[in-house]
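> Could you have a look at this structure, given as structure tokens, before my questions?
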Amino acid sequence: MDFMDILQIIIPSTLLWAAPLIFTALGGIFSERSGVVNIGLEGLMVIGAFTAIVFNLTFIDTFGNLTPWVALLVAMLAGALFSVIHAVASITFRADHTVSGVAINLLAVGLTLFLVKLIYGKGQTDIIQKGFDKIDIPFLKNIPFLGSIFFSNTYLTSFVAIGFALVVWYVIYKTPFGLRLRSVGEHPMAADTMGINVTKMRYIGVILSGAFGGIGGGVYAQAITSDFGHATISGQGFMALAAMIFGKWHPLGAMGAALFFGLAQSISIIGSNLPILENIPSVYLHIAPYVLTILALTGFIGRADAPKAVGTHYIKGSR
Amino acid sequence: MTKRLRNLFIPVIAVLLGILSGTLIMIVSGYDPIAGFTSLWYGAFGDLYYTGEVIRQVTPYILSGLAVAFAFRVGLFNIGVEGQLIVGWLAAVWIGVAFELPKVIHLPLAILTAAVAGAIWAFIPGLLKAKFRVHEVIVTIMMNYIALHITNYIIRTVLSEKSDKTKTIFESASLRSPFLEGLTDYSRLHWGILISLACAFTMWFLLEKTTIGYELRSVGFNHHASQYAGMNVNRNIILSMIISGAFAGLAGAMEGLGTFGYAAVKGGFTGVGFDGIAVALLGGNTAVGVIFSALLFGALKVGALNMPLESGIPNELVDIIIALIVFFVASSYMIRWIIDRFNNKGVK
């Protein structure tokens, strides 16, 4: 097996595992940039995964080959809707953001498993017939060298995710909306003084995080697990949170971190079949994302600073 | 309304709202709520066996609740109880299978090792918080996953030969009690409940009756004021995480030495550590409150297992209720606001 073959296995697999992390981490950025901590990303992914799978199973005859993409849109809506609970609790009712996020995670798992049992009468759903399949991307796959590594036998969702990362970067750094969102997360009182509606911006931030988290869960379920059960989403949301922090709350940074964590995940799964890598105990790859995030926060790998006002409540008139 | 009464009022209202939501969900899903709650009650207290199981479940809940509550009182949010619990579980079982000693030495040694392991796991986020001002929430979440993968790795490679679980611990390290089992129709009830209650007493005594506790609480109220008063804030932060982690490690020992007697490779978390957040929150982060709310959540969790059998309702309903209770307690601003409105009307 030469180096080229290894790349052709590892890179599509990395892109596959990274896509859900990229989407979800982008969601986390919207929420935290507006000043609301979102530990509930995991729960939002659970909701997205559940919705996508149920929709896919139910409407496969109606939408045919388009089903996974329509299911993704529905998962996005479900995630956005579910995140309203977090927004109401942590913004309007001034609940501790972290506690509310933990409750979101508990609620998402309980609710979806309850519904699975209610709808299907068993602990997990059937396997979907049509998920996101490996495809060759036309034209691009013909590029010499790069084409066969990056653009053949790969997943379109991964490129959509990377595209979204660029869009989110533009929105957050180059538009008035992005400036407002960031200002609300850095110094809500100053933003309020300038006539920005802090509560509204924060609601938008949290709901966008729900939408992206829902997409992340939908991508994960339809590309990787193909069904929904209690262990479908097991830590991907927290890994996305880690990617967001490791990427220093920056969309492109988060994308890079998600790609890197995707690489670690895919090597931990397929590494045992590859030369060189087979001797690395997979535990190192499993813990790498988390250890690196702690190191990044500590300042050993460049300083990662959260938005200034993240986790605080803005109460008009208080100083 | 006095502050004390109101502090009691909020958890009670939250629980009632949680149960009310559960009832609504059952009605909407086409289940019979009366049959549902009857089977839940029977599954928790209808039989001595069930009651024994409830107390068994309450044992780690008290400890994980104490772990969250203790850190909370010092102003820290320890989401890492889950990871500290897993590490403690493994450490206790490791001692349990590695040596064969007289019970008076072996059992305390295994329990202590679990506490130390949990404390070490919590020391890291404590140190990073104190020295580098890194937020403990993120670090403890990351430490949870590191704990999960490392313990799985150790179980597979060191404590067994590629098997999914360790050997069963020697009898001399076990908390199991034929007497308590006989008393409760052969449930898995074990001596650990006494350790849990002793720890609750320790937490109350330490926080309320000692100088160390006074300092810890003071740091929890206001870092800066404590600093000006000459207290060592950083030392108190680390100390609180160590004690919190020790409680969490003990919760793991309860599972390892009492309920199961072995450690197994885990695909995901046990959930006990996360439920500990609910327990502590509902219990108002006090030792007594934690005992009562652990009892409630333990009864809900064990009773839920009877619901699918008797009334055909998925036991996840209870998870939904628990999550909603957490929401309602966390949103106590809303409850307080409503109470105040009622009070003001009364005055006028």
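Just remember, in the structure tokens the first chain shown is A, the second B, etc., residues are 1-based per chain, and ligands are 1-based in the order shown.
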Select, as number ranges by chain, those residues of chain A with any atom no more than 8 Å from chain B (distances computed using only C-alpha atoms).
A: 89-90, 93-96, 99-100, 102-104, 106-107, 110-111, 113-114, 117-118, 231, 234, 238, 242, 283, 286-287, 290-291, 293-294, 297-298
> Let me see the file: selected residues, N, CA, C and O atoms, as a CSV table (one decimal), in the first residue's frame.

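Below is the file out_0.csv, written as the result:
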```csv
chain,number,residue,atom,x,y,z
A,89,ALA,N,-35.0,29.9,28.5
A,89,ALA,CA,-34.5,29.7,29.9
A,89,ALA,C,-33.3,30.6,30.2
A,89,ALA,O,-33.3,31.2,31.2
A,90,SER,N,-32.3,30.6,29.3
A,90,SER,CA,-31.1,31.3,29.7
A,90,SER,C,-31.1,32.8,29.4
A,90,SER,O,-30.3,33.5,30.0
A,93,PHE,N,-35.5,33.9,31.2
A,93,PHE,CA,-35.7,33.5,32.6
A,93,PHE,C,-34.4,33.6,33.4
A,93,PHE,O,-34.3,33.2,34.6
A,94,ARG,N,-33.3,34.0,32.8
A,94,ARG,CA,-32.0,34.2,33.5
A,94,ARG,C,-31.5,33.0,34.2
A,94,ARG,O,-30.9,33.0,35.3
A,95,ALA,N,-31.7,31.8,33.6
A,95,ALA,CA,-31.2,30.6,34.1
A,95,ALA,C,-29.7,30.5,33.8
A,95,ALA,O,-29.2,31.2,32.9
A,96,ASP,N,-28.9,29.8,34.7
A,96,ASP,CA,-27.5,29.6,34.4
A,96,ASP,C,-27.4,28.9,33.1
A,96,ASP,O,-28.0,27.9,32.8
A,99,VAL,N,-26.3,25.2,33.2
A,99,VAL,CA,-27.4,24.3,33.7
A,99,VAL,C,-28.4,24.1,32.7
A,99,VAL,O,-28.9,23.0,32.4
A,100,SER,N,-28.9,25.2,32.0
A,100,SER,CA,-29.9,25.0,31.0
A,100,SER,C,-29.4,24.1,29.9
A,100,SER,O,-30.1,23.3,29.3
A,102,VAL,N,-27.2,21.7,30.1
A,102,VAL,CA,-27.2,20.3,30.6
A,102,VAL,C,-28.6,19.8,30.5
A,102,VAL,O,-28.8,18.6,30.1
A,103,ALA,N,-29.6,20.6,30.9
A,103,ALA,CA,-31.0,20.2,30.8
A,103,ALA,C,-31.4,19.9,29.4
A,103,ALA,O,-32.1,18.9,29.1
A,104,ILE,N,-30.9,20.7,28.5
A,104,ILE,CA,-31.2,20.5,27.0
A,104,ILE,C,-30.7,19.1,26.6
A,104,ILE,O,-31.4,18.3,25.9
A,106,LEU,N,-30.1,16.4,28.6
A,106,LEU,CA,-30.9,15.4,29.2
A,106,LEU,C,-32.3,15.3,28.5
A,106,LEU,O,-32.8,14.2,28.2
A,107,LEU,N,-32.9,16.4,28.2
A,107,LEU,CA,-34.2,16.5,27.7
A,107,LEU,C,-34.2,15.9,26.2
A,107,LEU,O,-35.1,15.1,25.9
A,110,GLY,N,-33.9,12.0,26.4
A,110,GLY,CA,-35.2,11.4,27.0
A,110,GLY,C,-36.3,11.5,26.0
A,110,GLY,O,-37.0,10.5,25.7
A,111,LEU,N,-36.5,12.7,25.4
A,111,LEU,CA,-37.6,13.0,24.5
A,111,LEU,C,-37.5,12.1,23.3
A,111,LEU,O,-38.5,11.5,22.8
A,113,LEU,N,-35.8,9.3,22.7
A,113,LEU,CA,-36.0,7.9,22.9
A,113,LEU,C,-37.4,7.5,23.2
A,113,LEU,O,-38.0,6.5,22.8
A,114,PHE,N,-38.1,8.4,24.0
A,114,PHE,CA,-39.5,8.3,24.3
A,114,PHE,C,-40.3,8.2,23.0
A,114,PHE,O,-41.1,7.3,22.8
A,117,LYS,N,-39.7,5.0,20.9
A,117,LYS,CA,-40.5,3.9,21.4
A,117,LYS,C,-42.0,4.0,21.2
A,117,LYS,O,-42.7,3.1,20.9
A,118,LEU,N,-42.4,5.3,21.2
A,118,LEU,CA,-43.8,5.5,20.9
A,118,LEU,C,-44.2,5.3,19.5
A,118,LEU,O,-45.2,4.7,19.2
A,231,ALA,N,-27.4,5.4,21.4
A,231,ALA,CA,-25.9,5.7,21.3
A,231,ALA,C,-25.6,6.4,20.0
A,231,ALA,O,-24.4,6.5,19.6
A,234,SER,N,-22.9,10.2,20.5
A,234,SER,CA,-22.3,9.9,21.8
A,234,SER,C,-21.0,10.8,21.9
A,234,SER,O,-19.9,10.3,21.6
A,238,PHE,N,-20.1,17.5,22.1
A,238,PHE,CA,-19.1,18.0,23.0
A,238,PHE,C,-17.8,18.2,22.2
A,238,PHE,O,-17.0,19.1,22.5
A,242,ALA,N,-15.6,21.4,21.6
A,242,ALA,CA,-14.1,21.5,21.7
A,242,ALA,C,-13.5,22.1,20.5
A,242,ALA,O,-12.6,22.9,20.5
A,283,VAL,N,-6.2,4.8,21.8
A,283,VAL,CA,-6.6,5.6,22.9
A,283,VAL,C,-6.0,7.1,22.8
A,283,VAL,O,-6.7,8.1,23.1
A,286,HIS,N,-8.2,8.9,20.4
A,286,HIS,CA,-9.5,9.2,21.0
A,286,HIS,C,-9.4,10.4,21.9
A,286,HIS,O,-10.3,11.2,22.0
A,287,ILE,N,-8.3,10.5,22.7
A,287,ILE,CA,-8.3,11.6,23.7
A,287,ILE,C,-7.7,12.9,23.1
A,287,ILE,O,-7.8,13.9,23.7
A,290,TYR,N,-9.6,16.3,23.0
A,290,TYR,CA,-9.9,16.8,24.3
A,290,TYR,C,-8.6,17.4,25.0
A,290,TYR,O,-8.6,18.5,25.6
A,291,VAL,N,-7.5,16.6,24.9
A,291,VAL,CA,-6.3,17.1,25.5
A,291,VAL,C,-5.8,18.4,24.8
A,291,VAL,O,-5.5,19.4,25.5
A,293,THR,N,-7.6,20.6,23.3
A,293,THR,CA,-8.5,21.7,23.7
A,293,THR,C,-8.1,22.3,25.1
A,293,THR,O,-8.1,23.5,25.3
A,294,ILE,N,-7.8,21.4,26.0
A,294,ILE,CA,-7.4,21.9,27.3
A,294,ILE,C,-6.1,22.7,27.2
A,294,ILE,O,-6.0,23.7,27.8
A,297,LEU,N,-6.8,26.1,25.8
A,297,LEU,CA,-7.4,27.0,26.7
A,297,LEU,C,-6.4,27.5,27.8
A,297,LEU,O,-6.4,28.6,28.2
A,298,THR,N,-5.4,26.6,28.1
A,298,THR,CA,-4.4,26.9,29.1
A,298,THR,C,-3.4,28.0,28.6
A,298,THR,O,-2.8,28.7,29.3
```
> Extract the full set of helix (DSSP H, G or I) residues from range 145-321 of chain B according to DSSP on the backbone, and format it as a ChimeraX atom specification.
/B:145-157,171-173,178-183,192-209,211-221,223-228,233-260,272-282,287-304,307-311,316-321
> Hey, can you check how far CA of Leu109 in chain B sits from CA of Arg176 in chain B?
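So the two atoms, CA of Leu109 in chain B and CA of Arg176 in chain B, lie 15.8 Å apart.
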> Which one is closest to Gly213 in chain A: A:Leu57, A:Lys130, A:Ala80, A:Leu7? Count only C-alpha atoms.
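Closest residue, counting only C-alpha atoms: A:Ala80.
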> Restricting the calculation to only C-alpha atoms: of B:Pro11, B:Pro60, B:Gly18, B:Gly182, which residue gets closest to Asn285 in chain B?
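Of all the options, B:Pro11 lies closest to Asn285 in chain B.
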> Any idea what's packed within 8 Å of range 133-146 of chain A, counting only C-alpha atoms, ignoring anything in its chain fewer than 6 positions away? Could you give it as an NGL selection string?
:A and (152-156 or 223)
> Would you compute the distance between CA of Ala304 in chain B and CA of Pro33 in chain B? Give it in Å to one decimal.
13.1 Å
> To one decimal place in Å, what is the distance between CA of Ala52 in chain A and CA of Leu72 in chain A?
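For CA of Ala52 in chain A relative to CA of Leu72 in chain A, the distance reads 5.9 Å.
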> Taking only C-alpha atoms into account, which of A:Thr225, A:Gln236, A:Ser282, A:Thr157 comes nearest Leu16 in chain A?
A:Thr157
